[in-house]
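**Q** target_19.tsv (TSV, C-alpha atoms) pasted underneath:
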chain	number	residue	atom	x	y	z
Z	1	MET	CA	-81.83	-85.45	-154.40
Z	2	GLY	CA	-80.24	-88.86	-154.74
Z	3	ASN	CA	-76.78	-89.37	-156.22
Z	4	GLY	CA	-78.13	-92.15	-158.40
Z	5	ALA	CA	-80.58	-89.83	-160.14
Z	6	VAL	CA	-77.86	-87.25	-160.83
Z	7	ASP	CA	-75.45	-89.92	-162.09
Z	8	ALA	CA	-78.06	-91.34	-164.43
Z	9	GLU	CA	-78.71	-87.94	-165.99
Z	10	VAL	CA	-74.98	-87.23	-166.34
Z	11	THR	CA	-74.46	-90.54	-168.12
Z	12	ARG	CA	-77.40	-89.81	-170.42
Z	13	LEU	CA	-76.30	-86.30	-171.36
Z	14	GLU	CA	-72.50	-86.29	-171.16
Z	15	GLY	CA	-71.76	-87.03	-174.81
Z	16	GLY	CA	-73.70	-83.97	-175.89
Z	17	TRP	CA	-71.77	-81.76	-173.50
Z	18	ILE	CA	-68.45	-82.76	-175.02
Z	19	GLN	CA	-69.71	-81.80	-178.47
Z	20	LEU	CA	-71.05	-78.54	-177.07
Z	21	ARG	CA	-67.73	-77.71	-175.46
Z	22	ARG	CA	-65.91	-78.38	-178.73
Z	23	ASP	CA	-68.28	-76.06	-180.57
Z	24	ILE	CA	-67.66	-73.25	-178.07
Z	25	HIS	CA	-63.93	-73.97	-178.21
Z	26	ARG	CA	-63.87	-73.51	-181.99
Z	27	HIS	CA	-65.46	-70.06	-181.71
Z	28	PRO	CA	-63.50	-68.12	-179.07
Z	29	GLU	CA	-64.62	-64.55	-178.45
Z	30	LEU	CA	-62.74	-61.70	-176.82
Z	31	PRO	CA	-63.90	-60.16	-173.50
Z	32	GLY	CA	-67.02	-58.13	-174.16
Z	33	GLU	CA	-67.61	-59.73	-177.57
Z	34	GLU	CA	-69.26	-63.02	-176.50
Z	35	ARG	CA	-72.30	-62.67	-178.81
Z	36	ARG	CA	-72.22	-66.14	-180.31
Z	37	THR	CA	-71.38	-67.90	-177.04
Z	38	ALA	CA	-74.18	-66.04	-175.25
Z	39	GLY	CA	-76.57	-67.11	-177.99
Z	40	VAL	CA	-75.59	-70.76	-177.60
Z	41	VAL	CA	-76.00	-70.54	-173.82
Z	42	ALA	CA	-79.42	-68.91	-174.05
Z	43	ARG	CA	-80.62	-71.52	-176.56
Z	44	GLU	CA	-79.48	-74.41	-174.38
Z	45	LEU	CA	-81.03	-72.95	-171.22
Z	46	ARG	CA	-84.36	-72.28	-172.89
Z	47	ALA	CA	-84.41	-75.81	-174.30
Z	48	ALA	CA	-83.93	-77.09	-170.74
Z	49	GLY	CA	-86.92	-75.07	-169.53
Z	50	LEU	CA	-85.19	-72.30	-167.58
Z	51	THR	CA	-86.34	-68.69	-167.50
Z	52	VAL	CA	-83.67	-66.81	-169.47
Z	53	THR	CA	-82.60	-63.16	-169.59
Z	54	THR	CA	-79.99	-62.03	-172.11
Z	55	GLY	CA	-77.96	-58.86	-172.54
Z	56	VAL	CA	-77.20	-58.56	-168.83
Z	57	GLY	CA	-74.13	-56.41	-168.19
Z	58	GLY	CA	-73.17	-56.71	-171.84
Z	59	HIS	CA	-73.50	-60.22	-173.23
Z	60	GLY	CA	-74.30	-61.83	-169.88
Z	61	VAL	CA	-76.99	-64.51	-169.70
Z	62	VAL	CA	-78.98	-65.36	-166.57
Z	63	GLY	CA	-80.95	-68.60	-166.28
Z	64	VAL	CA	-83.34	-69.22	-163.40
Z	65	LEU	CA	-84.59	-72.66	-162.38
Z	66	HIS	CA	-87.32	-72.89	-159.73
Z	67	GLY	CA	-87.51	-76.18	-157.87
Z	68	ALA	CA	-90.76	-77.91	-157.00
Z	69	ARG	CA	-90.31	-77.19	-153.28
Z	70	ALA	CA	-89.54	-74.15	-151.15
Z	71	GLY	CA	-85.89	-73.51	-150.39
Z	72	ARG	CA	-82.97	-71.14	-150.71
Z	73	THR	CA	-81.70	-69.24	-153.79
Z	74	VAL	CA	-78.19	-70.23	-154.83
Z	75	ALA	CA	-76.18	-68.97	-157.81
Z	76	TYR	CA	-73.67	-70.75	-160.00
Z	77	ARG	CA	-71.35	-68.65	-162.15
Z	78	ALA	CA	-69.48	-69.49	-165.36
Z	79	ASP	CA	-67.32	-67.16	-167.47
Z	80	MET	CA	-67.63	-67.25	-171.27
Z	81	ASP	CA	-64.83	-65.17	-172.82
Z	82	ALA	CA	-61.58	-66.40	-174.35
Z	83	VAL	CA	-57.98	-65.35	-173.65
Z	84	PRO	CA	-56.81	-62.31	-175.66
Z	85	PRO	CA	-53.63	-62.85	-177.71
Z	86	LYS	CA	-51.53	-60.61	-175.46
Z	87	ASP	CA	-52.38	-62.74	-172.41
Z	88	ILE	CA	-51.30	-66.06	-173.91
Z	89	VAL	CA	-47.92	-67.17	-172.55
Z	90	GLY	CA	-45.42	-66.30	-175.27
Z	91	GLY	CA	-48.04	-64.30	-177.14
Z	92	GLY	CA	-50.64	-65.44	-179.63
Z	93	GLN	CA	-52.18	-64.53	-182.96
Z	94	ALA	CA	-55.85	-64.56	-181.95
Z	95	ALA	CA	-58.21	-65.11	-179.03
Z	96	ALA	CA	-58.25	-68.72	-177.84
Z	97	HIS	CA	-59.96	-70.78	-175.15
Z	98	LEU	CA	-56.76	-71.37	-173.18
Z	99	CYS	CA	-58.20	-70.65	-169.73
Z	100	GLY	CA	-60.95	-73.27	-169.68
Z	101	HIS	CA	-63.92	-70.92	-169.93
Z	102	ASP	CA	-65.39	-73.23	-172.57
Z	103	ILE	CA	-65.23	-76.00	-169.94
Z	104	HIS	CA	-66.73	-73.69	-167.29
Z	105	THR	CA	-69.63	-72.74	-169.56
Z	106	THR	CA	-70.29	-76.35	-170.50
Z	107	VAL	CA	-70.22	-77.55	-166.88
Z	108	ALA	CA	-72.70	-74.83	-165.88
Z	109	LEU	CA	-75.01	-75.77	-168.74
Z	110	GLY	CA	-74.70	-79.41	-167.68
Z	111	VAL	CA	-75.64	-78.59	-164.09
Z	112	ALA	CA	-78.62	-76.57	-165.28
Z	113	LYS	CA	-79.84	-79.37	-167.54
Z	114	VAL	CA	-79.44	-82.08	-164.89
Z	115	LEU	CA	-81.26	-80.06	-162.25
Z	116	ALA	CA	-83.99	-79.11	-164.73
Z	117	ARG	CA	-84.64	-82.77	-165.50
Z	118	LEU	CA	-84.79	-83.47	-161.76
Z	119	ARG	CA	-86.81	-80.34	-160.93
Z	120	ARG	CA	-89.46	-82.30	-159.04
Z	121	HIS	CA	-86.78	-83.25	-156.49
Z	122	LEU	CA	-85.23	-79.76	-156.30
Z	123	SER	CA	-85.88	-77.34	-153.46
Z	124	GLY	CA	-85.44	-73.60	-153.83
Z	125	THR	CA	-84.07	-71.77	-156.84
Z	126	ALA	CA	-80.87	-72.20	-158.82
Z	127	VAL	CA	-79.63	-69.09	-160.65
Z	128	PHE	CA	-77.04	-69.57	-163.40
Z	129	LEU	CA	-74.87	-66.54	-164.21
Z	130	PHE	CA	-73.02	-66.78	-167.52
Z	131	GLN	CA	-70.61	-63.90	-167.29
Z	132	PRO	CA	-68.82	-61.99	-170.04
Z	133	ALA	CA	-65.47	-60.23	-169.81
Z	134	GLU	CA	-63.76	-62.05	-166.97
Z	135	GLU	CA	-60.35	-61.76	-168.63
Z	136	SER	CA	-60.68	-57.96	-168.55
Z	137	LEU	CA	-61.92	-58.02	-164.93
Z	138	SER	CA	-65.04	-56.09	-165.93
Z	139	GLY	CA	-67.81	-58.67	-166.39
Z	140	ALA	CA	-68.62	-59.42	-162.76
Z	141	ARG	CA	-68.95	-55.74	-161.93
Z	142	ALA	CA	-71.23	-55.27	-164.95
Z	143	LEU	CA	-73.55	-58.07	-163.80
Z	144	ILE	CA	-73.56	-56.80	-160.23
Z	145	GLU	CA	-74.28	-53.22	-161.31
Z	146	ALA	CA	-77.12	-54.57	-163.48
Z	147	GLY	CA	-78.67	-55.73	-160.19
Z	148	VAL	CA	-78.60	-59.45	-160.89
Z	149	LEU	CA	-77.87	-60.47	-157.29
Z	150	GLU	CA	-80.61	-58.28	-155.84
Z	151	ARG	CA	-83.22	-59.14	-158.45
Z	152	THR	CA	-82.80	-62.87	-158.02
Z	153	ARG	CA	-82.20	-62.58	-154.24
Z	154	VAL	CA	-79.13	-64.78	-154.38
Z	155	GLU	CA	-78.05	-65.98	-150.93
Z	156	GLU	CA	-74.75	-67.57	-151.94
Z	157	ILE	CA	-72.69	-68.27	-155.07
Z	158	HIS	CA	-70.39	-71.02	-156.36
Z	159	ALA	CA	-67.98	-71.56	-159.25
Z	160	LEU	CA	-65.35	-73.91	-160.64
Z	161	HIS	CA	-62.16	-73.01	-162.50
Z	162	CYS	CA	-59.94	-75.37	-164.47
Z	163	GLY	CA	-56.67	-76.08	-162.66
Z	164	PRO	CA	-53.45	-78.13	-162.96
Z	165	PHE	CA	-54.66	-81.01	-160.81
Z	166	PRO	CA	-55.37	-84.59	-161.92
Z	167	VAL	CA	-58.70	-85.07	-163.63
Z	168	GLY	CA	-61.14	-86.26	-160.98
Z	169	ARG	CA	-59.64	-84.10	-158.24
Z	170	PHE	CA	-60.87	-80.77	-156.89
Z	171	ALA	CA	-58.78	-78.21	-154.98
Z	172	VAL	CA	-60.76	-76.27	-152.37
Z	173	THR	CA	-59.69	-72.83	-151.22
Z	174	GLY	CA	-61.10	-72.13	-147.75
Z	175	GLY	CA	-59.68	-68.88	-146.38
Z	176	TYR	CA	-57.76	-68.36	-149.62
Z	177	GLY	CA	-58.57	-67.93	-153.29
Z	178	MET	CA	-56.72	-65.66	-155.69
Z	179	PRO	CA	-54.85	-62.40	-155.09
Z	180	GLY	CA	-56.14	-58.99	-156.02
Z	181	GLN	CA	-54.14	-56.48	-158.01
Z	182	ASP	CA	-52.72	-53.01	-157.55
Z	183	LYS	CA	-50.97	-50.65	-159.93
Z	184	ALA	CA	-48.75	-47.61	-159.63
Z	185	GLU	CA	-47.26	-45.07	-161.95
Z	186	VAL	CA	-44.24	-42.92	-161.10
Z	187	THR	CA	-43.38	-39.91	-163.24
Z	188	LEU	CA	-39.89	-38.39	-162.94
Z	189	GLN	CA	-38.51	-35.03	-164.05
Z	190	GLY	CA	-35.12	-33.65	-164.99
Z	191	PRO	CA	-32.62	-34.24	-167.80
Z	192	ASP	CA	-31.64	-37.70	-166.53
Z	193	ALA	CA	-35.25	-38.84	-165.99
Z	194	PRO	CA	-35.08	-41.76	-168.51
Z	195	ASP	CA	-31.99	-43.23	-166.83
Z	196	ALA	CA	-33.46	-42.57	-163.41
Z	197	ALA	CA	-36.68	-44.32	-164.41
Z	198	ARG	CA	-34.75	-47.44	-165.37
Z	199	ARG	CA	-32.92	-47.43	-162.03
Z	200	LEU	CA	-36.13	-46.90	-160.08
Z	201	ALA	CA	-37.89	-49.70	-162.00
Z	202	ALA	CA	-35.10	-52.08	-160.96
Z	203	GLU	CA	-35.36	-50.99	-157.32
Z	204	ILE	CA	-39.14	-51.41	-157.24
Z	205	GLY	CA	-38.85	-54.73	-159.06
Z	206	ALA	CA	-36.68	-56.02	-156.22
Z	207	LEU	CA	-39.73	-55.88	-153.92
Z	208	ALA	CA	-41.01	-59.07	-155.57
Z	209	THR	CA	-40.69	-62.18	-153.44
Z	210	VAL	CA	-41.87	-64.65	-156.11
Z	211	THR	CA	-41.33	-64.84	-159.85
Z	212	PRO	CA	-43.54	-66.37	-162.55
Z	213	PRO	CA	-42.76	-69.99	-163.46
Z	214	GLN	CA	-40.41	-70.36	-166.40
Z	215	THR	CA	-40.43	-74.13	-166.86
Z	216	PRO	CA	-42.87	-77.02	-166.33
Z	217	ALA	CA	-40.82	-78.00	-163.27
Z	218	ASP	CA	-41.42	-74.53	-161.81
Z	219	ILE	CA	-45.18	-75.02	-162.20
Z	220	GLU	CA	-45.00	-78.46	-160.54
Z	221	TRP	CA	-43.20	-76.93	-157.55
Z	222	MET	CA	-45.70	-74.08	-157.36
Z	223	VAL	CA	-48.65	-76.50	-157.29
Z	224	THR	CA	-46.96	-78.50	-154.52
Z	225	ASP	CA	-46.05	-75.37	-152.56
Z	226	ALA	CA	-49.65	-74.11	-152.73
Z	227	GLN	CA	-50.78	-77.29	-150.96
Z	228	THR	CA	-48.17	-76.87	-148.19
Z	229	PRO	CA	-49.33	-75.26	-144.93
Z	230	ASP	CA	-47.25	-72.13	-144.17
Z	231	GLY	CA	-45.44	-72.67	-147.46
Z	232	PRO	CA	-43.63	-70.17	-149.71
Z	233	PHE	CA	-46.85	-68.49	-150.84
Z	234	ALA	CA	-48.30	-67.85	-147.37
Z	235	ARG	CA	-47.02	-64.26	-147.84
Z	236	PHE	CA	-45.81	-62.97	-151.18
Z	237	VAL	CA	-45.42	-60.05	-153.54
Z	238	ALA	CA	-45.57	-60.78	-157.27
Z	239	LEU	CA	-44.50	-57.55	-159.01
Z	240	ARG	CA	-43.49	-56.20	-162.40
Z	241	ALA	CA	-42.00	-52.75	-162.91
Z	242	SER	CA	-41.06	-51.33	-166.31
Z	243	ALA	CA	-39.58	-48.00	-167.38
Z	244	ARG	CA	-40.60	-46.08	-170.47
Z	245	GLU	CA	-39.00	-42.69	-170.99
Z	246	THR	CA	-39.72	-40.74	-167.79
Z	247	LYS	CA	-42.36	-43.08	-166.36
Z	248	VAL	CA	-42.25	-46.28	-164.30
Z	249	SER	CA	-45.31	-48.52	-164.53
Z	250	VAL	CA	-45.87	-51.03	-161.75
Z	251	SER	CA	-48.36	-53.91	-161.53
Z	252	TYR	CA	-48.36	-56.23	-158.58
Z	253	ARG	CA	-50.30	-58.79	-156.56
Z	254	CYS	CA	-49.69	-59.71	-152.96
Z	255	TRP	CA	-51.00	-61.82	-150.12
Z	256	PRO	CA	-52.53	-61.20	-147.71
Z	257	GLN	CA	-54.63	-58.30	-149.01
Z	258	GLU	CA	-53.39	-56.00	-146.23
Z	259	ARG	CA	-49.90	-56.00	-147.77
Z	260	TYR	CA	-50.99	-53.54	-150.45
Z	261	THR	CA	-50.67	-50.71	-147.93
Z	262	GLU	CA	-47.14	-51.86	-147.09
Z	263	VAL	CA	-46.09	-52.15	-150.74
Z	264	ARG	CA	-47.53	-48.74	-151.59
Z	265	GLU	CA	-45.45	-47.22	-148.79
Z	266	GLU	CA	-42.32	-48.97	-150.11
Z	267	ILE	CA	-42.91	-47.66	-153.64
Z	268	ARG	CA	-43.32	-44.12	-152.31
Z	269	ARG	CA	-40.16	-44.50	-150.22
Z	270	LEU	CA	-38.11	-45.73	-153.17
Z	271	ALA	CA	-39.39	-42.96	-155.45
Z	272	LYS	CA	-38.89	-40.10	-152.97
Z	273	PRO	CA	-35.15	-39.47	-153.63
Z	274	TYR	CA	-35.71	-39.06	-157.38
Z	275	THR	CA	-36.12	-35.59	-158.85
Z	276	GLY	CA	-39.73	-34.48	-159.14
Z	277	ALA	CA	-41.11	-37.97	-158.48
Z	278	ALA	CA	-44.92	-38.07	-158.63
Z	279	VAL	CA	-46.52	-41.38	-157.54
Z	280	SER	CA	-50.12	-42.30	-158.35
Z	281	PHE	CA	-52.24	-45.31	-157.41
Z	282	PRO	CA	-55.86	-46.30	-158.07
Z	283	ALA	CA	-58.29	-45.30	-155.33
Z	284	GLU	CA	-58.30	-48.93	-154.13
Z	285	PRO	CA	-56.57	-52.14	-155.28
Z	286	PHE	CA	-58.73	-54.67	-157.08
Z	287	PRO	CA	-59.89	-56.97	-154.26
Z	288	ALA	CA	-58.59	-60.43	-153.53
Z	289	LEU	CA	-60.83	-63.45	-153.97
Z	290	VAL	CA	-61.21	-64.95	-150.50
Z	291	CYS	CA	-63.47	-67.96	-149.92
Z	292	PRO	CA	-65.15	-68.34	-146.52
Z	293	GLU	CA	-63.69	-71.33	-144.69
Z	294	PRO	CA	-67.00	-72.85	-143.49
Z	295	ASP	CA	-68.37	-73.00	-147.04
Z	296	ALA	CA	-65.17	-74.53	-148.41
Z	297	ARG	CA	-65.10	-77.16	-145.67
Z	298	ALA	CA	-68.73	-78.06	-146.37
Z	299	LEU	CA	-67.97	-78.42	-150.09
Z	300	ALA	CA	-64.94	-80.61	-149.34
Z	301	ARG	CA	-67.13	-82.91	-147.25
Z	302	HIS	CA	-69.70	-83.07	-150.05
Z	303	LEU	CA	-67.06	-83.93	-152.65
Z	304	ARG	CA	-65.52	-86.66	-150.51
Z	305	ARG	CA	-68.92	-88.23	-149.90
Z	306	ARG	CA	-69.81	-87.89	-153.54
Z	307	LEU	CA	-66.56	-88.82	-155.30
Z	308	GLY	CA	-64.28	-90.41	-152.67
Z	309	ARG	CA	-61.65	-89.23	-150.21
Z	310	ASP	CA	-58.97	-88.81	-152.87
Z	311	SER	CA	-61.15	-86.39	-154.83
Z	312	VAL	CA	-60.19	-83.34	-152.75
Z	313	ALA	CA	-56.95	-81.43	-152.33
Z	314	THR	CA	-56.69	-78.40	-150.05
Z	315	LEU	CA	-54.86	-75.22	-150.99
Z	316	HIS	CA	-53.07	-73.37	-148.22
Z	317	SER	CA	-52.27	-70.22	-150.16
Z	318	ALA	CA	-53.66	-67.96	-152.84
Z	319	PHE	CA	-53.27	-69.76	-156.17
Z	320	PRO	CA	-51.84	-69.01	-158.58
Z	321	PRO	CA	-50.01	-65.97	-157.15
Z	322	PHE	CA	-49.74	-64.36	-160.59
Z	323	SER	CA	-53.43	-64.30	-161.56
Z	324	GLY	CA	-56.62	-62.73	-160.26
Z	325	GLU	CA	-60.36	-63.15	-160.78
Z	326	ASP	CA	-63.28	-60.75	-160.81
Z	327	TYR	CA	-65.33	-63.44	-159.05
Z	328	ALA	CA	-63.91	-61.68	-155.98
Z	329	LEU	CA	-66.61	-59.02	-156.41
Z	330	TYR	CA	-69.42	-61.55	-155.91
Z	331	LEU	CA	-67.82	-62.89	-152.73
Z	332	GLU	CA	-67.67	-59.36	-151.33
Z	333	ARG	CA	-71.47	-59.42	-151.38
Z	334	VAL	CA	-72.54	-63.00	-150.70
Z	335	PRO	CA	-70.72	-66.06	-149.30
Z	336	GLY	CA	-69.75	-68.97	-151.50
Z	337	THR	CA	-67.00	-71.15	-152.90
Z	338	TYR	CA	-64.47	-71.02	-155.73
Z	339	THR	CA	-62.91	-74.37	-156.43
Z	340	PHE	CA	-60.37	-75.69	-158.92
Z	341	LEU	CA	-61.53	-78.50	-161.18
Z	342	GLY	CA	-58.67	-80.83	-162.05
Z	343	VAL	CA	-58.24	-81.10	-165.82
Z	344	ARG	CA	-54.80	-82.70	-166.14
Z	345	ALA	CA	-54.92	-85.91	-168.14
Z	346	PRO	CA	-52.83	-88.85	-166.87
Z	347	GLY	CA	-49.24	-88.50	-168.04
Z	348	ALA	CA	-49.84	-85.12	-169.69
Z	349	PRO	CA	-47.38	-82.23	-169.24
Z	350	ILE	CA	-48.55	-79.82	-166.57
Z	351	THR	CA	-48.69	-76.98	-169.11
Z	352	THR	CA	-51.67	-78.73	-170.74
Z	353	SER	CA	-53.69	-77.98	-167.60
Z	354	TYR	CA	-52.21	-74.61	-166.59
Z	355	PRO	CA	-54.31	-71.75	-167.98
Z	356	HIS	CA	-52.95	-69.36	-170.60
Z	357	PHE	CA	-50.25	-71.72	-171.85
Z	358	PRO	CA	-50.47	-72.28	-175.62
Z	359	ASP	CA	-50.66	-76.08	-175.21
Z	360	PHE	CA	-53.52	-75.90	-172.68
Z	361	ALA	CA	-55.66	-78.98	-173.47
Z	362	PRO	CA	-57.97	-79.98	-170.59
Z	363	ASP	CA	-59.14	-83.55	-170.23
Z	364	GLU	CA	-62.79	-83.49	-171.33
Z	365	ARG	CA	-63.72	-86.12	-168.77
Z	366	SER	CA	-63.58	-83.24	-166.29
Z	367	ILE	CA	-66.89	-81.94	-167.68
Z	368	GLY	CA	-68.96	-84.88	-166.46
Z	369	ILE	CA	-67.05	-84.95	-163.18
Z	370	GLY	CA	-67.71	-81.25	-162.64
Z	371	VAL	CA	-71.40	-81.60	-163.44
Z	372	ARG	CA	-71.81	-84.63	-161.18
Z	373	ALA	CA	-70.18	-82.78	-158.28
Z	374	MET	CA	-71.85	-79.39	-158.73
Z	375	ALA	CA	-75.37	-80.60	-159.52
Z	376	GLY	CA	-75.43	-82.38	-156.19
Z	377	TRP	CA	-73.81	-79.45	-154.41
Z	378	ILE	CA	-76.25	-76.85	-155.73
Z	379	ALA	CA	-79.18	-79.13	-154.90
Z	380	GLU	CA	-77.81	-79.51	-151.37
Z	381	ARG	CA	-77.34	-75.78	-150.89
Z	382	THR	CA	-80.80	-74.80	-152.16
Z	383	HIS	CA	-82.39	-77.19	-149.66
Z	384	ARG	CA	-83.28	-75.39	-146.43
Kindly return the structure encoded in the file as structure tokens.
**A**
Amino acid sequence: MGNGAVDAEVTRLEGGWIQLRRDIHRHPELPGEERRTAGVVARELRAAGLTVTTGVGGHGVVGVLHGARAGRTVAYRADMDAVPPKDIVGGGQAAAHLCGHDIHTTVALGVAKVLARLRRHLSGTAVFLFQPAEESLSGARALIEAGVLERTRVEEIHALHCGPFPVGRFAVTGGYGMPGQDKAEVTLQGPDAPDAARRLAAEIGALATVTPPQTPADIEWMVTDAQTPDGPFARFVALRASARETKVSVSYRCWPQERYTEVREEIRRLAKPYTGAAVSFPAEPFPALVCPEPDARALARHLRRRLGRDSVATLHSAFPPFSGEDYALYLERVPGTYTFLGVRAPGAPITTSYPHFPDFAPDERSIGIGVRAMAGWIAERTHR
């Protein structure tokens, strides 16, 4: 499929995508409540001529586009939910699209529409997964348990996520991705249990090797460090421990994934001297998102050919160290890529492109750039 044909369709359709994104943005829906957004997605996919299934794993929508020629089956995933108030930096009053899922949904719809218009040049099958409930880390599992990967015989999967990189630039994550998450709860006994819980929370909290950014300058340094080979985030523990009465609640992320065993042992060791300490963990930590290196390198080559050498940055650590993604569950089953789409407007504060900040305001030019890149990439991957 020629770049010129894709570019022509992007130019023709791009204005409509911006209006579509603004409509979705004005109607944010909490994880698991994406009824309206799912309806918009289904309407747009049907209008483009895709085969559409709704109500998958909740409010999930699956669109299937068969090319005119034989080929491979490749999935593209977009998440649809908004950020709950409690997860907005500093707190919020209502759900809001401050993570870029409205951009993700619009880009996926754009890719579907472009490839549908160029179906006669498309090999194989493109499967579009519009996922609910990413913010609650439950939507991917719901789609997987609904059998969507098996039914469509997906061979690989791809996704973009808005990130604090200049608009027009992508950050690939070969061998890395985003950390998983583990939790612990320690219950103490005895008359001094509340005081002991506060002391233990402080001791466990000291296991953290990195702390969340507090200022825009901190975020700038973190973005730079993530692009530094063997940098500060090559190995890390990001941990929060809080005491409430006789209990200590712990939530933490670490890299590499194997460190969870080490941190669990440290928590048990620190709790052991306290009276009646009972430590509990989930059966397994939530898995890390790890992108296969060969796939990421192939995508980087595609992006450089497609958009120029300066269009690609490479991350050398899990990023950001304080967030996770249930997209990890897809990559446990099929190979693929997870790539950051730069949405920082020229001269804009970095908080306008860093998800969950209240002033998050992505540059809408990123939509057309994302569609142009991913339409060509999906077409390349479906070709045998």
**Q** For a test of reading the model, state the distance in Å between atom CA of Ala146 of chain Z and atom CA of Gly55 of chain Z, rounded to one decimal.
**A**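 Separation of atom CA of Ala146 of chain Z and atom CA of Gly55 of chain Z: 10.1 Å.
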**Q** I'd like a table as JSON lines: residues in segment 103-197 of chain Z with an atom no more than 7 Å from segment 364-373 of chain Z, each row giving the shortest atom pair and its distance in Å to one decimal, only C-alpha atoms counted, sorted by chain and rising residue number.
**A**
{"residue": "Z:Ile103", "atom": "CA", "partner": "Z:Ile367", "partner_atom": "CA", "distance": 6.6}
{"residue": "Z:Val107", "atom": "CA", "partner": "Z:Val371", "partner_atom": "CA", "distance": 5.4}
{"residue": "Z:Gly110", "atom": "CA", "partner": "Z:Val371", "partner_atom": "CA", "distance": 5.8}
{"residue": "Z:Val111", "atom": "CA", "partner": "Z:Val371", "partner_atom": "CA", "distance": 5.2}
{"residue": "Z:Val167", "atom": "CA", "partner": "Z:Ser366", "partner_atom": "CA", "distance": 5.9}
{"residue": "Z:Gly168", "atom": "CA", "partner": "Z:Ile369", "partner_atom": "CA", "distance": 6.4}
**Q** Can you tell me how far atom CA of Asp363 of chain Z sits from atom CA of Gly308 of chain Z, in Å to one decimal?
**A**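 Atom-to-atom, atom CA of Asp363 of chain Z and atom CA of Gly308 of chain Z are spaced 19.5 Å apart.
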**Q** Any idea what the distance is between atom CA of Leu50 of chain Z and atom CA of Asp326 of chain Z?
**A**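 Computing the Euclidean distance for atom CA of Leu50 of chain Z and atom CA of Asp326 of chain Z yields 25.7 Å.
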**Q** Ranking Z:Gly177, Z:Gly124, Z:Pro31, Z:Pro213 by minimum distance to Gly67 of chain Z and counting only C-alpha atoms, which one comes first?
**A**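 Smallest separation from Gly67 of chain Z among the options: Z:Gly124.
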**Q** Using all atoms listed in the file, which residues sit within 8 Å of segment 233-245 of chain Z once same-chain residues fewer than 3 positions away are excluded, as a PyMOL selection string?
**A** chain Z and resi 193-194+197-198+201-202+204-205+207-212+225-226+229-230+248-256+316-318+321-322
**Q** If we count only C-alpha atoms, what is near Ala283 of chain Z at a cut-off of 12 Å, once residues fewer than 5 positions away on the same chain are taken out, given as a PyMOL selection string?
**A** chain Z and resi 182-184+261+264
**Q** Which residue is closest to Gly49 of chain Z? Choose from Z:Leu143, Z:Leu160, Z:Ala348, Z:Val114 and count all atoms listed in the file.
**A**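 Between Z:Leu143, Z:Leu160, Z:Ala348, Z:Val114, the residue approaching Gly49 of chain Z most closely is Z:Val114.
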**Q** Select, from Z:Tyr274, Z:Tyr327, Z:Phe165, Z:Phe281, the residue with the minimum atom-to-atom distance to Gly347 of chain Z, counting all atoms listed in the file.
**A**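 For Gly347 of chain Z, the nearest of the candidates is Z:Phe165.
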**Q** Which is closer to Arg119 of chain Z than all the others in Z:Ala142, Z:Leu137, Z:Leu329, Z:Ala48, using only C-alpha atoms?
**A**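 Comparing Z:Ala142, Z:Leu137, Z:Leu329, Z:Ala48 against Arg119 of chain Z, the winner is Z:Ala48.
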**Q** I need the residue nearest Tyr176 of chain Z from this list: Z:Thr37, Z:Thr51, Z:Thr275, Z:Gln257. Use all atoms listed in the file for the distance.
**A**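 Counting all atoms listed in the file, the residue closest to Tyr176 of chain Z is Z:Gln257.
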**Q** Could you name the residues that touch segment 335-346 of chain Z at 7 Å or less, counting all atoms listed in the file, but leaving out those on the same chain fewer than 5 positions away, as an MDAnalysis selection string?
**A** chainID Z and resid 156:173 291:292 295:296 352:353 362:363 366 370
**Q** Select, from Z:Ile378, Z:Val61, Z:Leu118, Z:Ala140, the residue with the minimum atom-to-atom distance to Glu325 of chain Z, counting all atoms listed in the file.
**A**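 Checking each of Z:Ile378, Z:Val61, Z:Leu118, Z:Ala140 against Glu325 of chain Z, counting all atoms listed in the file, the winner is Z:Ala140.
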